[in-house]
Structure formats: C-alpha cells, structure tokens
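A.B. asks: As input, take start_36.tsv (TSV, C-alpha atoms):
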chain	number	residue	atom	x	y	z
D	904	MET	CA	0.00	0.00	0.00
D	905	THR	CA	2.94	2.32	0.69
D	906	GLU	CA	4.05	1.83	-2.87
D	907	ASP	CA	0.56	2.69	-4.06
D	908	ILE	CA	0.69	5.90	-2.08
D	909	LYS	CA	4.12	6.80	-3.50
D	910	SER	CA	2.97	6.02	-7.01
D	911	LEU	CA	-0.26	8.01	-6.66
D	912	SER	CA	1.62	10.91	-5.05
D	913	ALA	CA	4.01	10.95	-8.01
D	914	GLN	CA	1.13	10.94	-10.49
D	915	LEU	CA	-0.53	13.81	-8.65
D	916	ALA	CA	2.70	15.79	-8.57
D	917	GLN	CA	3.03	15.37	-12.34
D	918	ASP	CA	-0.57	16.37	-13.01
D	919	PRO	CA	-2.10	18.38	-10.14
D	920	MET	CA	-5.46	18.61	-11.98
D	921	SER	CA	-5.72	14.81	-12.11
D	922	LEU	CA	-8.52	13.05	-10.23
D	923	VAL	CA	-5.97	10.67	-8.78
D	924	PHE	CA	-6.19	12.71	-5.57
D	925	LEU	CA	-9.43	10.83	-4.81
D	926	ARG	CA	-7.68	7.47	-4.63
D	927	LEU	CA	-4.66	8.89	-2.84
D	928	ALA	CA	-6.67	10.65	-0.13
D	929	ASP	CA	-8.87	7.62	0.41
D	930	LEU	CA	-5.84	5.34	0.75
D	931	LEU	CA	-4.33	7.71	3.30
D	932	ARG	CA	-7.65	7.79	5.14
D	933	GLN	CA	-7.82	4.01	5.24
D	934	ARG	CA	-4.28	3.93	6.66
D	935	GLY	CA	-5.34	6.33	9.39
D	936	GLN	CA	-3.13	9.16	8.08
D	937	LEU	CA	-6.02	11.57	8.45
D	938	ASP	CA	-4.05	14.82	8.41
D	939	ALA	CA	-2.34	13.88	5.14
D	940	ALA	CA	-5.65	12.64	3.71
D	941	HIS	CA	-7.24	15.93	4.76
D	942	ARG	CA	-4.56	18.00	2.97
D	943	VAL	CA	-4.78	15.96	-0.25
D	944	ALA	CA	-8.58	16.00	-0.32
D	945	LEU	CA	-8.82	19.71	0.43
D	946	SER	CA	-6.28	20.55	-2.24
D	947	GLY	CA	-8.22	18.41	-4.74
D	948	LEU	CA	-11.47	20.03	-3.73
D	949	GLU	CA	-10.03	23.47	-4.36
D	950	ARG	CA	-9.21	22.38	-7.92
D	951	HIS	CA	-12.52	20.52	-8.45
D	952	PRO	CA	-15.10	22.40	-6.33
D	953	HIS	CA	-18.08	20.92	-8.19
D	954	LEU	CA	-17.06	17.28	-8.03
D	955	ALA	CA	-19.49	15.42	-5.77
D	956	ASP	CA	-17.01	12.58	-5.17
D	957	ALA	CA	-14.49	15.09	-3.82
D	958	HIS	CA	-17.01	16.50	-1.33
D	959	ASP	CA	-17.99	12.95	-0.33
D	960	LEU	CA	-14.39	11.94	0.27
D	961	TYR	CA	-13.63	15.11	2.22
D	962	ALA	CA	-16.72	14.53	4.35
D	963	ARG	CA	-15.62	10.98	5.10
D	964	ILE	CA	-12.24	12.23	6.27
D	965	LEU	CA	-13.87	14.90	8.45
D	966	ALA	CA	-16.20	12.28	9.93
D	967	ASP	CA	-13.21	10.06	10.71
D	968	LYS	CA	-11.66	13.04	12.50
D	969	GLY	CA	-14.86	13.57	14.49
D	970	ASP	CA	-15.72	16.87	12.80
D	971	TYR	CA	-19.35	15.93	12.18
D	972	GLU	CA	-20.63	19.44	11.61
D	973	ARG	CA	-18.33	20.09	8.66
D	974	ALA	CA	-18.79	16.53	7.42
D	975	PHE	CA	-22.52	17.21	7.29
D	976	ASP	CA	-21.94	20.33	5.22
D	977	GLU	CA	-19.72	18.51	2.74
D	978	TRP	CA	-22.13	15.62	2.27
D	979	ASP	CA	-24.94	18.12	1.94
D	980	MET	CA	-22.96	19.87	-0.79
D	981	ALA	CA	-22.35	16.54	-2.55
D	982	VAL	CA	-26.09	15.79	-2.78
D	983	ARG	CA	-26.78	19.31	-3.96
D	984	ILE	CA	-24.35	18.70	-6.81
D	985	ALA	CA	-25.44	15.09	-7.43
D	986	PRO	CA	-28.78	14.37	-5.69
D	987	HIS	CA	-28.41	10.58	-5.90
D	988	HIS	CA	-24.81	10.32	-4.73
D	989	MET	CA	-24.72	7.06	-2.76
D	990	GLY	CA	-21.78	7.91	-0.50
D	991	ALA	CA	-23.25	11.26	0.47
D	992	LEU	CA	-26.74	9.86	1.10
D	993	LYS	CA	-25.28	7.17	3.33
D	994	GLY	CA	-23.10	9.72	5.10
D	995	LEU	CA	-26.02	12.04	5.81
D	996	ALA	CA	-28.09	9.09	7.02
D	997	PHE	CA	-25.24	8.16	9.35
D	998	LEU	CA	-25.03	11.67	10.80
D	999	TYR	CA	-28.79	12.05	11.18
D	1000	PHE	CA	-28.84	8.75	12.98
D	1001	LYS	CA	-26.04	9.87	15.28
D	1002	VAL	CA	-28.03	12.90	16.44
D	1003	GLY	CA	-31.15	10.81	16.95
D	1004	ASP	CA	-33.13	11.91	13.88
D	1005	VAL	CA	-34.18	8.45	12.77
D	1006	ASP	CA	-36.84	9.75	10.35
D	1007	GLN	CA	-34.31	11.76	8.35
D	1008	ALA	CA	-31.85	8.86	8.42
D	1009	VAL	CA	-34.52	6.60	6.95
D	1010	VAL	CA	-35.48	9.19	4.31
D	1011	HIS	CA	-31.87	9.34	3.07
D	1012	LEU	CA	-31.43	5.58	3.14
D	1013	GLU	CA	-34.71	5.08	1.26
D	1014	THR	CA	-33.54	7.53	-1.40
D	1015	ALA	CA	-30.29	5.56	-1.69
D	1016	ARG	CA	-32.20	2.27	-1.84
D	1017	ARG	CA	-34.44	3.48	-4.68
D	1018	HIS	CA	-31.36	4.06	-6.82
D	1019	THR	CA	-29.36	0.99	-5.80
D	1020	PRO	CA	-31.98	-1.50	-4.63
D	1021	ASP	CA	-29.47	-4.36	-4.46
D	1022	ASP	CA	-26.93	-2.74	-2.13
D	1023	PRO	CA	-26.89	-5.06	0.88
D	1024	GLY	CA	-25.21	-2.39	3.05
D	1025	ILE	CA	-28.15	-0.03	2.59
D	1026	LEU	CA	-30.73	-2.73	3.24
D	1027	GLN	CA	-28.88	-3.79	6.37
D	1028	ALA	CA	-28.54	-0.22	7.59
D	1029	LEU	CA	-32.25	0.46	6.99
D	1030	ALA	CA	-33.23	-2.57	9.00
D	1031	LEU	CA	-30.86	-1.71	11.82
D	1032	VAL	CA	-31.72	1.99	11.93
D	1033	ARG	CA	-35.39	1.10	12.19
D	1034	GLY	CA	-34.48	-1.38	14.89
D	1035	GLY	CA	-32.43	1.21	16.79
D	1036	GLN	CA	-29.04	-0.52	16.71
D	1037	PRO	CA	-26.59	2.32	16.15
D	1038	ALA	CA	-23.28	0.46	16.12
D	1039	LYS	CA	-24.45	-2.12	13.60
D	1040	ALA	CA	-26.24	0.49	11.52
D	1041	ALA	CA	-23.05	2.53	11.29
D	1042	GLY	CA	-21.25	-0.60	10.12
D	1043	GLY	CA	-23.92	-1.18	7.45
D	1044	LEU	CA	-23.32	2.35	6.18
D	1045	GLY	CA	-19.62	1.66	5.90
D	1046	MET	CA	-18.83	4.23	8.58
D	1047	GLY	CA	-17.21	1.92	11.08
D	1048	PRO	CA	-18.45	1.46	14.62
D	1049	GLU	CA	-20.20	4.21	16.52
D	1050	PRO	CA	-17.56	6.25	18.36
D	1051	GLN	CA	-17.79	5.95	22.12
D	1052	ALA	CA	-18.09	9.66	22.71
D	1053	VAL	CA	-20.07	11.88	20.41
D	1054	SER	CA	-19.40	15.48	21.30
D	1055	ALA	CA	-22.31	17.46	22.62
D	1056	ALA	CA	-21.61	20.06	19.96
D	1057	ALA	CA	-22.11	17.51	17.21
D	1058	ALA	CA	-25.40	16.35	18.66
D	1059	ALA	CA	-26.84	19.75	19.48
D	1060	PRO	CA	-28.57	22.09	17.04
D	1061	LEU	CA	-25.82	24.13	15.41
D	1062	GLU	CA	-25.27	27.84	15.96
D	1063	ASP	CA	-28.90	28.59	16.77
D	1064	ALA	CA	-28.05	30.99	19.54
D	1065	ARG	CA	-25.58	32.94	17.39
D	1066	VAL	CA	-27.93	33.16	14.46
D	1067	PHE	CA	-30.71	34.40	16.67
D	1068	ALA	CA	-28.37	36.98	18.15
D	1069	GLY	CA	-27.53	38.01	14.59
D	1070	LEU	CA	-31.17	38.60	13.82
D	1071	GLU	CA	-31.36	40.96	16.76
D	1072	GLY	CA	-28.53	43.09	15.44
D	1073	ALA	CA	-25.19	41.35	15.93
D	1074	GLN	CA	-22.66	41.59	13.10
D	1075	GLU	CA	-23.32	38.26	11.49
D	1076	GLY	CA	-24.19	39.21	7.92
D	1077	LEU	CA	-27.85	38.53	8.63
D	1078	LEU	CA	-30.71	40.79	7.69
D	1079	LEU	CA	-34.43	40.32	8.27
D	1080	LEU	CA	-36.79	42.45	6.18
D	1081	ASP	CA	-40.54	42.81	5.78
D	1082	ALA	CA	-42.24	42.62	2.40
D	1083	ALA	CA	-41.75	46.34	1.78
D	1084	GLY	CA	-38.01	46.14	2.45
D	1085	ARG	CA	-38.13	47.62	5.96
D	1086	VAL	CA	-35.42	46.28	8.26
D	1087	LEU	CA	-36.81	44.16	11.10
D	1088	GLY	CA	-33.52	42.89	12.47
D	1089	GLY	CA	-29.81	42.53	11.83
D	1090	THR	CA	-27.32	44.78	10.10
D	1091	LEU	CA	-25.07	44.47	7.12
D	1092	ARG	CA	-21.65	45.95	6.51
D	1093	ASN	CA	-19.62	45.96	3.32
D	1094	PRO	CA	-15.99	44.74	3.26
D	1095	ALA	CA	-14.87	48.29	4.14
D	1096	GLY	CA	-16.93	48.14	7.34
D	1097	GLU	CA	-19.55	50.69	6.21
D	1098	ASP	CA	-23.17	50.12	7.19
D	1099	VAL	CA	-25.04	49.23	3.98
D	1100	THR	CA	-28.18	47.86	5.64
D	1101	ASP	CA	-30.68	50.36	4.26
D	1102	ALA	CA	-29.25	50.43	0.74
D	1103	VAL	CA	-29.35	46.66	0.41
D	1104	ALA	CA	-32.81	46.48	1.98
D	1105	ALA	CA	-34.14	49.01	-0.51
D	1106	TYR	CA	-32.96	46.96	-3.47
D	1107	LEU	CA	-34.45	43.79	-1.99
D	1108	ALA	CA	-37.93	45.25	-1.50
D	1109	GLY	CA	-40.30	43.22	-3.63
D	1110	VAL	CA	-37.82	40.43	-4.37
D	1111	SER	CA	-39.97	37.98	-2.42
D	1112	GLN	CA	-43.03	38.66	-4.53
D	1113	GLU	CA	-41.00	38.59	-7.73
D	1114	ALA	CA	-39.41	35.26	-6.81
D	1115	ALA	CA	-42.88	33.87	-5.98
D	1116	ARG	CA	-44.29	35.07	-9.32
D	1117	THR	CA	-41.35	33.60	-11.21
D	1118	ALA	CA	-41.64	30.26	-9.43
D	1119	LYS	CA	-45.38	30.11	-10.06
D	1120	LEU	CA	-45.11	31.00	-13.74
D	1121	LEU	CA	-42.42	28.40	-14.34
D	1122	GLY	CA	-44.17	25.65	-12.39
D	1123	LEU	CA	-41.38	25.57	-9.79
D	1124	GLY	CA	-43.81	25.33	-6.86
D	1125	THR	CA	-43.18	27.43	-3.77
D	1126	TRP	CA	-39.82	29.16	-3.79
D	1127	THR	CA	-37.65	27.99	-0.92
D	1128	GLY	CA	-34.38	29.83	-1.46
D	1129	LEU	CA	-32.46	32.12	-3.76
D	1130	ALA	CA	-28.70	31.63	-3.68
D	1131	THR	CA	-26.19	33.87	-5.43
D	1132	GLU	CA	-22.44	33.59	-5.92
D	1133	GLY	CA	-20.69	36.92	-6.11
D	1134	GLY	CA	-17.14	37.91	-6.90
D	1135	GLN	CA	-16.41	38.73	-3.23
D	1136	GLY	CA	-18.98	36.63	-1.37
D	1137	HIS	CA	-22.10	34.52	-1.39
D	1138	VAL	CA	-25.69	35.46	-0.61
D	1139	HIS	CA	-28.69	33.34	0.32
D	1140	LEU	CA	-32.26	34.64	0.53
D	1141	ALA	CA	-35.01	32.73	2.28
D	1142	GLN	CA	-38.59	33.40	3.27
D	1143	PRO	CA	-39.13	32.68	6.97
D	1144	THR	CA	-42.80	33.75	6.64
D	1145	PRO	CA	-44.84	34.92	3.63
D	1146	ASP	CA	-44.32	38.56	4.71
D	1147	ALA	CA	-40.63	38.45	5.55
D	1148	LEU	CA	-37.34	38.02	3.74
D	1149	LEU	CA	-34.10	36.83	5.28
D	1150	LEU	CA	-30.71	37.66	3.77
D	1151	VAL	CA	-27.55	35.80	4.75
D	1152	VAL	CA	-24.17	37.00	3.46
D	1153	ARG	CA	-20.88	35.18	3.85
D	1154	ASP	CA	-17.49	35.44	2.20
D	1155	ARG	CA	-16.47	33.13	-0.65
D	1156	ALA	CA	-14.77	30.69	1.71
D	1157	THR	CA	-18.20	29.54	2.86
D	1158	PRO	CA	-19.49	26.83	0.50
D	1159	MET	CA	-22.95	27.37	-0.96
D	1160	GLY	CA	-24.24	24.21	0.72
D	1161	ARG	CA	-23.10	25.45	4.10
D	1162	LEU	CA	-24.65	28.83	3.42
D	1163	ALA	CA	-27.99	27.17	2.65
D	1164	ILE	CA	-27.86	25.36	5.98
D	1165	ILE	CA	-27.01	28.58	7.83
D	1166	ALA	CA	-29.95	30.25	6.06
D	1167	GLN	CA	-32.32	27.43	6.99
D	1168	ARG	CA	-31.37	27.77	10.65
D	1169	ALA	CA	-31.56	31.55	10.51
D	1170	ALA	CA	-35.01	31.34	8.90
D	1171	HIS	CA	-36.14	29.05	11.69
D	1172	ALA	CA	-34.83	31.48	14.31
D	1173	ALA	CA	-36.41	34.41	12.45
D	1174	ARG	CA	-39.77	32.65	12.37
D	1175	ARG	CA	-39.59	32.14	16.13
D	1176	TRP	CA	-38.50	35.74	16.66
D	1177	LEU	CA	-41.35	37.06	14.48
D	1178	GLU	CA	-43.86	34.97	16.39
D	1179	GLN	CA	-42.56	36.42	19.68
D	1180	GLN	CA	-42.86	39.97	18.30
D	1181	GLY	CA	-46.33	39.50	16.90
A	203	MET	CA	-22.26	36.66	-33.57
A	204	THR	CA	-24.54	34.38	-35.64
A	205	ALA	CA	-27.38	32.34	-34.10
A	206	ALA	CA	-25.59	28.99	-34.52
A	207	PRO	CA	-23.18	29.31	-31.55
A	208	PHE	CA	-26.08	30.45	-29.37
A	209	GLU	CA	-28.14	27.43	-30.42
A	210	ARG	CA	-25.22	25.10	-29.80
A	211	ALA	CA	-24.64	26.57	-26.31
A	212	LEU	CA	-28.30	26.23	-25.38
A	213	ASP	CA	-28.41	22.70	-26.79
A	214	LEU	CA	-25.58	21.62	-24.47
A	215	ILE	CA	-27.45	22.98	-21.46
A	216	THR	CA	-30.71	21.23	-22.33
A	217	ARG	CA	-28.93	17.91	-22.76
A	218	VAL	CA	-28.34	17.73	-19.00
A	219	ARG	CA	-30.94	15.44	-17.48
A	220	GLY	CA	-33.64	17.38	-15.64
A	221	VAL	CA	-33.26	20.61	-17.64
A	222	ARG	CA	-36.64	21.69	-19.02
A	223	GLY	CA	-35.29	24.50	-21.13
A	224	ALA	CA	-32.66	27.15	-21.58
A	225	MET	CA	-32.62	30.66	-22.95
A	226	LEU	CA	-30.54	33.78	-23.44
A	227	VAL	CA	-32.04	36.96	-22.07
A	228	SER	CA	-30.98	40.56	-22.38
A	229	ALA	CA	-30.52	41.68	-18.76
A	230	ALA	CA	-31.11	45.34	-19.62
A	231	ASP	CA	-34.60	44.97	-21.09
A	232	GLY	CA	-35.66	41.41	-20.21
A	233	LEU	CA	-36.10	40.36	-23.84
A	234	VAL	CA	-35.46	36.90	-25.26
A	235	VAL	CA	-32.29	36.65	-27.37
A	236	ALA	CA	-32.50	32.90	-28.05
A	237	GLU	CA	-34.44	30.03	-26.51
A	238	HIS	CA	-34.58	26.28	-26.36
A	239	LEU	CA	-37.61	25.64	-24.17
A	240	MET	CA	-39.99	22.78	-23.50
A	241	GLU	CA	-43.54	23.37	-24.64
A	242	GLY	CA	-45.59	25.17	-22.03
A	243	ILE	CA	-42.84	27.45	-20.75
A	244	LYS	CA	-43.59	31.07	-21.59
A	245	GLY	CA	-40.29	32.42	-22.84
A	246	PRO	CA	-40.99	36.16	-22.86
A	247	ALA	CA	-42.44	36.06	-19.35
A	248	VAL	CA	-39.50	34.04	-18.03
A	249	ALA	CA	-37.14	36.49	-19.67
A	250	ALA	CA	-38.85	39.51	-18.15
A	251	LEU	CA	-38.91	38.04	-14.64
A	252	ALA	CA	-35.36	36.69	-14.81
A	253	GLY	CA	-34.15	40.06	-16.05
A	254	SER	CA	-35.95	41.92	-13.30
A	255	LEU	CA	-34.73	39.58	-10.54
A	256	ALA	CA	-31.18	39.77	-11.89
A	257	ASN	CA	-31.27	43.57	-11.80
A	258	ARG	CA	-32.55	43.72	-8.23
A	259	LEU	CA	-30.08	41.12	-7.00
A	260	GLY	CA	-27.24	42.74	-8.88
A	261	ARG	CA	-27.88	46.13	-7.30
A	262	ALA	CA	-28.26	44.62	-3.82
A	263	MET	CA	-24.99	42.74	-4.21
A	264	GLU	CA	-23.15	45.79	-5.46
A	265	ALA	CA	-24.49	47.76	-2.49
A	266	ALA	CA	-23.35	45.02	-0.11
A	267	GLY	CA	-19.86	45.11	-1.62
A	268	ILE	CA	-20.06	41.53	-2.85
A	269	GLY	CA	-19.38	42.41	-6.45
A	270	ARG	CA	-21.01	41.13	-9.62
A	271	SER	CA	-23.19	38.04	-9.49
A	272	VAL	CA	-21.48	35.03	-11.04
A	273	PHE	CA	-24.35	32.54	-10.66
A	274	TRP	CA	-27.74	32.51	-9.05
A	275	HIS	CA	-30.18	29.76	-8.22
A	276	LEU	CA	-33.88	30.16	-7.43
A	277	GLN	CA	-34.93	26.94	-5.73
A	278	GLY	CA	-38.60	25.89	-5.68
A	279	THR	CA	-40.33	22.84	-4.27
A	280	ASP	CA	-40.90	21.49	-7.80
A	281	GLY	CA	-37.99	22.91	-9.78
A	282	ALA	CA	-35.35	25.58	-10.11
A	283	LEU	CA	-34.25	28.54	-12.17
A	284	LEU	CA	-30.48	28.78	-12.67
A	285	VAL	CA	-28.84	31.87	-14.15
A	286	VAL	CA	-25.32	32.93	-15.15
A	287	PRO	CA	-24.81	36.55	-16.27
A	288	ALA	CA	-22.41	36.80	-19.22
A	289	ALA	CA	-19.97	39.68	-19.52
A	290	SER	CA	-21.94	41.21	-22.40
A	291	GLY	CA	-25.04	41.74	-20.25
A	292	ILE	CA	-26.84	38.65	-21.50
A	293	LEU	CA	-28.25	36.21	-18.95
A	294	VAL	CA	-27.90	32.50	-19.62
A	295	VAL	CA	-30.95	30.89	-18.03
A	296	ALA	CA	-31.98	27.28	-17.36
A	297	VAL	CA	-35.31	26.01	-16.03
A	298	THR	CA	-34.92	22.63	-14.35
A	299	ASP	CA	-36.56	19.90	-12.33
A	300	ALA	CA	-36.04	19.96	-8.56
A	301	ASN	CA	-33.58	17.06	-8.46
A	302	VAL	CA	-31.31	18.22	-11.28
A	303	ASN	CA	-27.52	18.04	-10.93
A	304	VAL	CA	-27.02	21.74	-10.17
A	305	GLY	CA	-23.23	21.55	-10.40
A	306	LEU	CA	-23.39	20.15	-13.91
A	307	VAL	CA	-25.93	22.69	-15.13
A	308	ARG	CA	-23.85	25.47	-13.60
A	309	LEU	CA	-20.82	24.34	-15.57
A	310	GLU	CA	-22.82	24.26	-18.82
A	311	LEU	CA	-24.25	27.72	-18.10
A	312	LEU	CA	-20.76	29.09	-17.46
A	313	GLY	CA	-19.61	27.47	-20.70
A	314	ALA	CA	-22.49	29.08	-22.59
A	315	ALA	CA	-21.73	32.44	-20.97
A	316	GLY	CA	-18.22	32.11	-22.36
A	317	VAL	CA	-19.61	31.53	-25.85
A	318	VAL	CA	-22.02	34.44	-25.57
A	319	GLY	CA	-19.18	36.66	-24.39
Represent the structure from my file as structure tokens, please.
C.D. replies:
Amino acid sequence: MTEDIKSLSAQLAQDPMSLVFLRLADLLRQRGQLDAAHRVALSGLERHPHLADAHDLYARILADKGDYERAFDEWDMAVRIAPHHMGALKGLAFLYFKVGDVDQAVVHLETARRHTPDDPGILQALALVRGGQPAKAAGGLGMGPEPQAVSAAAAAPLEDARVFAGLEGAQEGLLLLDAAGRVLGGTLRNPAGEDVTDAVAAYLAGVSQEAARTAKLLGLGTWTGLATEGGQGHVHLAQPTPDALLLVVRDRATPMGRLAIIAQRAAHAARRWLEQQG
Amino acid sequence: MTAAPFERALDLITRVRGVRGAMLVSAADGLVVAEHLMEGIKGPAVAALAGSLANRLGRAMEAAGIGRSVFWHLQGTDGALLVVPAASGILVVAVTDANVNVGLVRLELLGAAGVVG
C-alpha cells in the first residue's frame, strides 16, 4: 500500500489537476493518516469544487476526524451537486442517525435504496436503523463502529443561539426584512466596514413577490431559497414567513451548501422571533 | 455573432438530465435573445422576470460590496431557475426539475456564458 501511495503521489505531482487525488486521499484515510488525507482531499477540492465525489471523500475524512458538523456540510454539498450520490446519502443518514433523527436517516437511506436496490449495506442499515441498533447500523453504512463519545456540539442544534443573536442586530451578515423592504432585524456591513443595511434592503424590496411570481409562472412550486455567488462573497435569501425576507451574506470561503444550511437555521430562528414579536 | 453558436450553447445545457429549457435573455430589457424551451414554458415572461430579478439582485450585491453576481439559483419545491450573467449583459438561463444536478448545469451555463461573451 505504501508503494501505491508513493505512485499516486508521483502521479498527482506530475498532473495536479488529475482526479488521482481521490484514490490517494482515500488510501491515506484508510491507513489512518487523516491529516495527510485531509490535505490531499482539500487541495483536490479546491481544484474541483463541483465534483461530488471530492465533497464525499472530504466529508468521510472529516467524519473520521470527528468533525461531524463540517462533514454534514460537505455531504450536503455533494447531494446538492449530485442528488443521488450514494456515498453522500449514506453519510447524511449516518449523521442524522447519530443525532437521533431516525426519520431523516430513513429518508436518506430510502432515497439511496431506490437508486441501488441491491446494495446489501443499505438494506442492512435500513433494517438496523429502524431497529435502533446504532453500532451495527453505522457498520452497514460503511462508517465503522459508533464512536464511544459523540461530542455534545455535534449532537446539538448548530449555531442557533448565534444566528438568533444576529437577527437581533449582531454583526453576522444577517438581515431580516418585511415585504416592503423595511429592516426588522440585523445589520449588514460591506468589506470596508460601512453600514449598507438600508441600501441593500431598498434593493431587496419586492424580491420575495418577484421570486414567488417567477416560481409560479415556471411551475417551480413554492420558492424555498435564492442563492447567489458573487465575486467577493455569497448570498442566500429565504422566506421565513410569507411577509418576511431573510438575507444571509458570507465570504467566498463559505461553500454554498453550508450557506444554505445557515440560512435554513436563521429562517427558523427568524420565524420564532417574528412569532414572539407578533 | 450568428445564431448557430447560441443554439449550440443552449443545446448543451438542455442535454443535461432534468433541464426543461434554456434561454438567453438581455438583462437590460428582459427580452429573449434565443431560446430552447420545453412546450408550455412562456419564454418572454420568463425572460422579463429573470431580467428583473437579476437587476434587483445585482444592485443589492453591489451595495453590499459583494461584487457582480457570477451565478444565481432560485430553488422551488418542484424545480429551479439557474442563471449565469455573461460579460456582455446577456443572462444564460436554465429552467430545471427539482432534483437536477445543479453543479453540472452550472458548468454548462458558465460554458455558454463564455460563448455568448
């Protein structure tokens, strides 16, 4: 195996754009060289940001390192790129199961089963998840045994408190608006540190209705999110209630999948906050 | 530029599984430049709405200091609208099913934006 690693490393050095990084990082992961696997996978991901297999592999390495929150984000990104990606669906099922959300674990496993009905690992995991046997279910998903200690941070809802604080005005790149573009909570600053809350809010007035009209006319159903990549950062818009619009801004280092998750949580917090106000 | 490269660019987008149609829209006035749509999709209306949304988002992003929009994605429960603004001010637009491979469509849209210039 060492020879394989040397050979793959040489190939990658000769052609840094090659997909050989996938095999190399996975071999390193299997050998327990997680830091090296992490570096190789991350470097590959930077070169191939829209390759679902790269996100899946990176997530697997993060999960092996116990970083479940980021692993979730990477698997989530993989299924956004390739909705039927087996590795990512299994990975998400594994993480949902770990935090006790059996329903979501089953949903992801059922999706995987529909596309590969003969995969014995998925069938086994489904049976075990439904039967509540975590260690065996994790094995069926190819994730190894359940770690003895799952950190409280991994099991708890993520960042809810901070997001809620952001909605009340902290500097989190969060903005809550009403349908007319009036600011209900949060502030926004540009990279120079200037307050641009009102200017941005003014341009966003009516976007909710326009997105709803567009979705209806095109048969897209109810609009659930509007994500934008910019030259200097990413934006995600969501609709916590029919009369409100939530804007989340992050720099380009934040993957779009992660941004969508942050927006979902912020929308949930905004909904709660609006209910308390009203 | 002749229509043929436009048609070829749109054809590549619509070959991705789950794409219902693709079109080129003038961002300034929301008019259709070229289209390759499934029956039932109203091209001029899509163009007008996509153009209007792009303008609003573009101004908001400029105000926020995020720079020009490179790609945007309106996600619905039953489908999505994906848009890449080309340098010339033309929007490359795709209407898709909900479970489309967004990464793949994005790459094709960026490719088409390169053709459009």
A.B. asks: For range 244-294 of chain A versus range 299-315 of chain A, which residues have an atom no more than 7 Å away, and what is each residue's nearest atom pair and distance in Å rounded to one decimal, using all atoms listed in the file, chain-then-number order, as CSV?
C.D. replies:
residue,atom,partner,partner_atom,distance
A:Thr279,CA,A:Ala300,CA,6.7
A:Asp280,CA,A:Ala300,CA,5.2
A:Gly281,CA,A:Ala300,CA,3.7
A:Ala282,CA,A:Ala300,CA,5.9
A:Val286,CA,A:Leu311,CA,6.1
A:Pro287,CA,A:Ala315,CA,7.0
A:Ala288,CA,A:Ala315,CA,4.7
A:Val294,CA,A:Leu311,CA,6.2
A.B. asks: I'd like to know which of A:Leu214, A:Val272, A:Ala224, A:Leu239 is closest to chain D, using only C-alpha atoms.
C.D. replies: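 Nearest candidate to chain D out of A:Leu214, A:Val272, A:Ala224, A:Leu239: A:Val272.
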A.B. asks: Nearest residue to Arg261 in chain A out of D:Leu925, D:Leu1026, D:Ala1130, D:Val1103, using only C-alpha atoms?
C.D. replies: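 Among the listed residues, the smallest separation from Arg261 in chain A belongs to D:Val1103.
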A.B. asks: Using all atoms listed in the file for the distances, tell me which of D:Ala962, D:Ala1102, D:Ala928, D:Leu1129 is nearest to Gly267 in chain A.
C.D. replies: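 Under the stated criterion, the closest residue is D:Ala1102.
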A.B. asks: Using all atoms listed in the file for the distances, tell me which of A:Phe208, A:Met240, A:Leu226, A:Val248 is nearest to chain D.
C.D. replies: A:Val248
A.B. asks: I need the contact residues of chain D against chain A, so if you could list those with any atom within 8 Å, counting all atoms listed in the file, and return them as an MDAnalysis selection string, that would help.
C.D. replies: chainID D and resid 953:954 983:986 1091:1094 1099 1102:1104 1106:1107 1110 1113:1114 1117:1118 1120:1137
A.B. asks: With C-alpha atoms retained, write the just-selected residues as a PDB file, keeping the file's coordinate frame.
C.D. replies:
ATOM      1  CA  HIS D 953     -18.080  20.920  -8.190  1.00  0.00           C
ATOM      2  CA  LEU D 954     -17.060  17.280  -8.030  1.00  0.00           C
ATOM      3  CA  ARG D 983     -26.780  19.310  -3.960  1.00  0.00           C
ATOM      4  CA  ILE D 984     -24.350  18.700  -6.810  1.00  0.00           C
ATOM      5  CA  ALA D 985     -25.440  15.090  -7.430  1.00  0.00           C
ATOM      6  CA  PRO D 986     -28.780  14.370  -5.690  1.00  0.00           C
ATOM      7  CA  LEU D1091     -25.070  44.470   7.120  1.00  0.00           C
ATOM      8  CA  ARG D1092     -21.650  45.950   6.510  1.00  0.00           C
ATOM      9  CA  ASN D1093     -19.620  45.960   3.320  1.00  0.00           C
ATOM     10  CA  PRO D1094     -15.990  44.740   3.260  1.00  0.00           C
ATOM     11  CA  VAL D1099     -25.040  49.230   3.980  1.00  0.00           C
ATOM     12  CA  ALA D1102     -29.250  50.430   0.740  1.00  0.00           C
ATOM     13  CA  VAL D1103     -29.350  46.660   0.410  1.00  0.00           C
ATOM     14  CA  ALA D1104     -32.810  46.480   1.980  1.00  0.00           C
ATOM     15  CA  TYR D1106     -32.960  46.960  -3.470  1.00  0.00           C
ATOM     16  CA  LEU D1107     -34.450  43.790  -1.990  1.00  0.00           C
ATOM     17  CA  VAL D1110     -37.820  40.430  -4.370  1.00  0.00           C
ATOM     18  CA  GLU D1113     -41.000  38.590  -7.730  1.00  0.00           C
ATOM     19  CA  ALA D1114     -39.410  35.260  -6.810  1.00  0.00           C
ATOM     20  CA  THR D1117     -41.350  33.600 -11.210  1.00  0.00           C
ATOM     21  CA  ALA D1118     -41.640  30.260  -9.430  1.00  0.00           C
ATOM     22  CA  LEU D1120     -45.110  31.000 -13.740  1.00  0.00           C
ATOM     23  CA  LEU D1121     -42.420  28.400 -14.340  1.00  0.00           C
ATOM     24  CA  GLY D1122     -44.170  25.650 -12.390  1.00  0.00           C
ATOM     25  CA  LEU D1123     -41.380  25.570  -9.790  1.00  0.00           C
ATOM     26  CA  GLY D1124     -43.810  25.330  -6.860  1.00  0.00           C
ATOM     27  CA  THR D1125     -43.180  27.430  -3.770  1.00  0.00           C
ATOM     28  CA  TRP D1126     -39.820  29.160  -3.790  1.00  0.00           C
ATOM     29  CA  THR D1127     -37.650  27.990  -0.920  1.00  0.00           C
ATOM     30  CA  GLY D1128     -34.380  29.830  -1.460  1.00  0.00           C
ATOM     31  CA  LEU D1129     -32.460  32.120  -3.760  1.00  0.00           C
ATOM     32  CA  ALA D1130     -28.700  31.630  -3.680  1.00  0.00           C
ATOM     33  CA  THR D1131     -26.190  33.870  -5.430  1.00  0.00           C
ATOM     34  CA  GLU D1132     -22.440  33.590  -5.920  1.00  0.00           C
ATOM     35  CA  GLY D1133     -20.690  36.920  -6.110  1.00  0.00           C
ATOM     36  CA  GLY D1134     -17.140  37.910  -6.900  1.00  0.00           C
ATOM     37  CA  GLN D1135     -16.410  38.730  -3.230  1.00  0.00           C
ATOM     38  CA  GLY D1136     -18.980  36.630  -1.370  1.00  0.00           C
ATOM     39  CA  HIS D1137     -22.100  34.520  -1.390  1.00  0.00           C
TER      40      HIS D1137
END
A.B. asks: At a cut-off of 9 Å, using all atoms listed in the file, what residues contact Ala289 in chain A? Leave out same-chain residues fewer than 5 positions from it and give the result as number ranges by chain.
C.D. replies: A: 315-316, 318-319
A.B. asks: At what distance in Å, to one decimal, does CA of Gly1076 in chain D lie from CA of Asp1146 in chain D?
C.D. replies: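 Calculated distance between CA of Asp1146 in chain D and CA of Gly1076 in chain D is 20.4 Å.
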